[in-house]
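The structure under discussion appears below in the form of structure tokens.
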Amino acid sequence: MPQASLPPLLGESPALLATLAHVSRVAPLERPVLVIGERGTGKELVAARLHYLSRRWDRPFVKVNCAALAETLLDSELFGHEAGAFTGAVRRRAGRLEQADSGTLFLDEIATASTAVQEKLLRAVEYGEIERVGGRTATVDVRVIGATNADLPALAERGDFRADLLDRLAFDVINLPPLRARPEDIPPLAEHFALGMARELERPFFAGFTPRALDELRGHRWPGNVRELRNAVERSVAASDPEGPVETIILDPFARRWADGSLAAEAPAPDIPAPDRLPPEDPVPQGDFLERVASYEAGLLRAALEGHRFNQRRTAEALGLGYHQLRGYLKKHGLIGGPQDG
């Protein structure tokens, strides 16, 4: 498989580069591998990279989430079943191990598999033999990659995970660094996700992040890692002014901003001149009535823009105008195209 087709793992931090080097070193080996990492660190991407950098790259890459299936369903899903093995089994069905024959099987959340499934899995890894539900056996050639965020040695010590299966799977263990261990990767990752969201929203360009927004991205702990970062960036881009940089990072979509007054704090009321006076910095307008009205409108618009840091959507809301109405007034008074059009 060409290098450009490999699943992307973005970043250039020393922690990530060391992990990618480890993956490249292990990938060609015909041995099981465990991928350990917190949620959102890219365990499935690493498993795919292990597959596509191996000699099995053109063979099946089959994925199973062990946590998503009950014990009996997981048994049937992995090992298949014979016709009549249980109610509703009208014909023989090949399991995921048979589907992955000559290729790779990725077992996500492997720590959740039951003891009975672990026992059958051990035989498949050790001898290449599987037993379908209903009694028939078959032979397969499958490389198994397991992934989890659990402490498998501790589970084995307590008897909650088979120690012999752990020994077999742990030919090599790839530990993925959390995002907080690679802070230098946060800005380029955020930029990548933001550009993708801007394209999805059919915006002609992405104006970047304000320094304050970047500081907020760098300062967050990201317990959900890259997945959480992507969600936060995409929702923040979607809520931002299409023509300006992202100012606010929405980290918690459940936060009730109206309840604690933070909405008012985000958009402070500008110092808009009262109707009976012009902005103090403007001279008294000269000319006829229409010229004086136009001068007053321009001053009102300019003061509102400055009060909202030239964020046109917030300015429109403060003035009780629609966004496109505001744009029309700004064009009328020549306030679009210079610094005011930020």
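Ligands are numbered from 1 in the order shown, chains are lettered A, B, ... in the order of the structure tokens, and residues start at 1 in each chain.
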
Checklist entry - If we count only C-alpha atoms, what is near Arg180 (chain A) at a cut-off of 10 Å, once residues fewer than 5 positions away on the same chain are taken out, given as a PyMOL selection string? => result chain A and resi 185-186+218-223+225-226

Restricting it to N, CA and C atoms, dump the selection as a PDB file, in the first residue's frame.
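Listed below is the output, selection_25.pdb:
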ATOM      1  N   ASP A 185       1.432  19.165  19.251  1.00  0.00           N
ATOM      2  CA  ASP A 185       0.599  18.682  18.145  1.00  0.00           C
ATOM      3  C   ASP A 185      -0.801  19.292  18.158  1.00  0.00           C
ATOM      4  N   ILE A 186      -1.174  19.984  19.226  1.00  0.00           N
ATOM      5  CA  ILE A 186      -2.544  20.486  19.340  1.00  0.00           C
ATOM      6  C   ILE A 186      -2.865  21.525  18.271  1.00  0.00           C
ATOM      7  N   ARG A 218      -4.460  24.896  23.986  1.00  0.00           N
ATOM      8  CA  ARG A 218      -3.232  24.346  24.570  1.00  0.00           C
ATOM      9  C   ARG A 218      -3.382  24.060  26.060  1.00  0.00           C
ATOM     10  N   GLY A 219      -4.201  24.828  26.746  1.00  0.00           N
ATOM     11  CA  GLY A 219      -4.304  24.696  28.200  1.00  0.00           C
ATOM     12  C   GLY A 219      -5.251  23.620  28.677  1.00  0.00           C
ATOM     13  N   HIS A 220      -6.112  23.100  27.794  1.00  0.00           N
ATOM     14  CA  HIS A 220      -7.084  22.076  28.204  1.00  0.00           C
ATOM     15  C   HIS A 220      -6.387  20.723  28.363  1.00  0.00           C
ATOM     16  N   ARG A 221      -6.876  19.889  29.283  1.00  0.00           N
ATOM     17  CA  ARG A 221      -6.252  18.580  29.546  1.00  0.00           C
ATOM     18  C   ARG A 221      -6.644  17.513  28.532  1.00  0.00           C
ATOM     19  N   TRP A 222      -7.731  17.674  27.819  1.00  0.00           N
ATOM     20  CA  TRP A 222      -8.192  16.747  26.794  1.00  0.00           C
ATOM     21  C   TRP A 222      -8.285  15.298  27.283  1.00  0.00           C
ATOM     22  N   PRO A 223      -9.166  15.037  28.248  1.00  0.00           N
ATOM     23  CA  PRO A 223      -9.324  13.646  28.697  1.00  0.00           C
ATOM     24  C   PRO A 223      -9.816  12.719  27.599  1.00  0.00           C
ATOM     25  N   ASN A 225      -8.843  13.134  24.497  1.00  0.00           N
ATOM     26  CA  ASN A 225      -7.744  13.131  23.536  1.00  0.00           C
ATOM     27  C   ASN A 225      -8.151  13.674  22.163  1.00  0.00           C
ATOM     28  N   VAL A 226      -7.633  13.075  21.087  1.00  0.00           N
ATOM     29  CA  VAL A 226      -7.811  13.659  19.757  1.00  0.00           C
ATOM     30  C   VAL A 226      -9.283  13.689  19.360  1.00  0.00           C
TER      31      VAL A 226
END

Go through region 126-240 of chain A and flag each residue having an atom no more than 8 Å from region 21-31 of chain A; for those, report the closest pair of atoms plus their distance in Å to one decimal, using only C-alpha atoms, ordered by chain and rising number, as CSV.
residue,atom,partner,partner_atom,distance
A:Arg143,CA,A:Arg31,CA,6.4
A:Val144,CA,A:Arg31,CA,7.7
A:Phe171,CA,A:Arg31,CA,6.6
A:Asp172,CA,A:Val26,CA,7.6
A:Ile174,CA,A:His22,CA,7.3

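Distance-wise, CA of Tyr329 (chain A) and CA of Asp241 (chain A) end up 17.7 Å apart.
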
Checklist entry - Do you have the CA of Asn65 (chain A)-CA of Asp101 (chain A) distance handy? => result 18.1 Å

Under the rule of at most 8 Å, produce a per-residue listing of region 145-248 of chain A near region 118-140 of chain A: chain, number, name, the closest pair of atoms, and the distance in Å, as a Markdown table, using only C-alpha atoms.
| residue | atom | partner | partner_atom | distance |
| --- | --- | --- | --- | --- |
| A:Phe161 | CA | A:Gln118 | CA | 7.9 |
| A:Arg162 | CA | A:Gln118 | CA | 6.9 |
| A:Asp164 | CA | A:Leu122 | CA | 7.7 |
| A:Leu165 | CA | A:Leu122 | CA | 5.4 |
| A:Arg168 | CA | A:Glu126 | CA | 7.4 |

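In this comparison, which uses only C-alpha atoms, the residue of A:Arg56, A:Arg302, A:Arg227, A:Arg96 approaching Leu335 (chain A) most closely is A:Arg302.
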
Next on the checklist: Please extract the residues of region 281-318 of chain A with a backbone DSSP assignment of helix (DSSP H, G or I) and present them as a PyMOL selection string.
Outcome noted: chain A and resi 289-307+312-318

What would the file look like if the residues just selected were written as a PDB file, in the first residue's frame with C-alpha atoms?
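Contents of again.pdb, as written:
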ATOM      1  CA  PHE A 289     -30.810  66.243   6.715  1.00  0.00           C
ATOM      2  CA  LEU A 290     -29.966  63.094   4.677  1.00  0.00           C
ATOM      3  CA  GLU A 291     -26.228  63.727   4.924  1.00  0.00           C
ATOM      4  CA  ARG A 292     -26.524  64.136   8.706  1.00  0.00           C
ATOM      5  CA  VAL A 293     -28.548  60.894   8.995  1.00  0.00           C
ATOM      6  CA  ALA A 294     -25.931  59.034   6.923  1.00  0.00           C
ATOM      7  CA  SER A 295     -23.155  60.408   9.114  1.00  0.00           C
ATOM      8  CA  TYR A 296     -24.984  59.327  12.246  1.00  0.00           C
ATOM      9  CA  GLU A 297     -25.564  55.798  10.834  1.00  0.00           C
ATOM     10  CA  ALA A 298     -21.884  55.423   9.977  1.00  0.00           C
ATOM     11  CA  GLY A 299     -20.847  56.533  13.474  1.00  0.00           C
ATOM     12  CA  LEU A 300     -23.333  54.162  15.096  1.00  0.00           C
ATOM     13  CA  LEU A 301     -22.104  51.229  12.999  1.00  0.00           C
ATOM     14  CA  ARG A 302     -18.451  52.037  13.642  1.00  0.00           C
ATOM     15  CA  ALA A 303     -18.968  52.244  17.422  1.00  0.00           C
ATOM     16  CA  ALA A 304     -20.899  48.947  17.500  1.00  0.00           C
ATOM     17  CA  LEU A 305     -18.228  47.182  15.458  1.00  0.00           C
ATOM     18  CA  GLU A 306     -15.466  48.407  17.760  1.00  0.00           C
ATOM     19  CA  GLY A 307     -17.461  47.433  20.830  1.00  0.00           C
ATOM     20  CA  GLN A 312     -20.158  41.202  12.539  1.00  0.00           C
ATOM     21  CA  ARG A 313     -22.607  38.588  13.813  1.00  0.00           C
ATOM     22  CA  ARG A 314     -22.493  39.917  17.368  1.00  0.00           C
ATOM     23  CA  THR A 315     -22.695  43.468  16.073  1.00  0.00           C
ATOM     24  CA  ALA A 316     -25.811  42.589  14.093  1.00  0.00           C
ATOM     25  CA  GLU A 317     -27.431  41.012  17.160  1.00  0.00           C
ATOM     26  CA  ALA A 318     -26.624  44.051  19.325  1.00  0.00           C
TER      27      ALA A 318
END

Item to check | Best match for closeness to His192 (chain A) among A:Asp167, A:Ile336, A:Leu9, A:Asn311, counting only C-alpha atoms | outcome: A:Leu9

Next on the checklist: I need the residues of region 96-279 of chain A that end up classed as strand (DSSP E or B) by DSSP on the backbone, written out as JSON, numbers by chain.
Outcome noted: {"A": [104, 105, 106, 107, 108, 129, 130, 131, 133, 137, 138, 139, 143, 144, 145, 146, 147, 148, 173, 174, 175, 209, 246]}

Checklist entry - For the atom pair CA of Ala181 (chain A) and CA of Ile249 (chain A), what is the interatomic distance in Å to one decimal place? => result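 Calculated distance between CA of Ala181 (chain A) and CA of Ile249 (chain A) is 20.7 Å.
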
Item to check | A:Leu53, A:Leu251, A:Ile36, A:Ala111 ranked by distance to Ala156 (chain A), top pick (using only C-alpha atoms) | outcome: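 Closest candidate: A:Ala111.
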
Tell me which protein, DNA and RNA residues are within 10 Å of Asn149 (chain A), counting only C-alpha atoms, leaving out same-chain ones fewer than 3 positions away, and put them as a CSV table (one decimal) with C-alpha atoms, in the first residue's frame.
chain,number,residue,atom,x,y,z
A,35,VAL,CA,-2.3,-1.4,21.5
A,36,ILE,CA,-2.8,0.3,24.8
A,37,GLY,CA,-4.1,3.9,25.1
A,38,GLU,CA,-6.8,6.1,26.5
A,39,ARG,CA,-10.0,6.7,24.7
A,41,THR,CA,-5.9,8.3,21.2
A,43,LYS,CA,-5.9,2.8,18.7
A,108,ASP,CA,-11.1,-3.5,20.1
A,109,GLU,CA,-11.9,-3.4,23.9
A,110,ILE,CA,-10.5,-6.9,24.2
A,111,ALA,CA,-10.5,-6.7,28.0
A,152,LEU,CA,-4.4,-6.0,31.4
A,175,ASN,CA,1.5,2.4,24.3
A,176,LEU,CA,-0.1,5.5,22.7

Next on the checklist: So that I can check the surroundings of Ser13 (chain A), please list as a PyMOL selection string every protein, DNA and RNA residue that reaches within 12 Å of it, counting only C-alpha atoms and ignoring chain neighbours fewer than 3 positions away.
Outcome noted: chain A and resi 9-10+16-20+177-189

Please save C-alpha atoms of the selected residues as a PDB file, in the first residue's frame.
ATOM      1  CA  LEU A   9      -1.799  10.009  12.488  1.00  0.00           C
ATOM      2  CA  LEU A  10      -1.152  13.750  12.523  1.00  0.00           C
ATOM      3  CA  LEU A  16       4.160  10.618  18.465  1.00  0.00           C
ATOM      4  CA  LEU A  17       7.187  10.138  16.201  1.00  0.00           C
ATOM      5  CA  ALA A  18       8.608   7.561  18.613  1.00  0.00           C
ATOM      6  CA  THR A  19       5.276   5.708  18.588  1.00  0.00           C
ATOM      7  CA  LEU A  20       5.113   5.717  14.780  1.00  0.00           C
ATOM      8  CA  PRO A 177       0.707   8.857  24.223  1.00  0.00           C
ATOM      9  CA  PRO A 178      -2.268  10.937  25.367  1.00  0.00           C
ATOM     10  CA  LEU A 179      -2.713  14.341  23.742  1.00  0.00           C
ATOM     11  CA  ARG A 180      -1.550  16.134  26.915  1.00  0.00           C
ATOM     12  CA  ALA A 181       1.850  14.415  26.441  1.00  0.00           C
ATOM     13  CA  ARG A 182       2.187  15.942  22.952  1.00  0.00           C
ATOM     14  CA  PRO A 183       1.002  19.565  23.358  1.00  0.00           C
ATOM     15  CA  GLU A 184       2.945  20.763  20.317  1.00  0.00           C
ATOM     16  CA  ASP A 185       0.599  18.682  18.145  1.00  0.00           C
ATOM     17  CA  ILE A 186      -2.544  20.486  19.340  1.00  0.00           C
ATOM     18  CA  PRO A 187      -2.380  23.577  17.024  1.00  0.00           C
ATOM     19  CA  PRO A 188      -1.770  21.628  13.781  1.00  0.00           C
ATOM     20  CA  LEU A 189      -4.434  19.081  14.702  1.00  0.00           C
TER      21      LEU A 189
END

Next on the checklist: Calculated over only C-alpha atoms, which of the candidates A:Ala255, A:Ser76, A:Pro32, A:Phe106 has the smallest distance to Glu44 (chain A)?
Outcome noted: A:Phe106
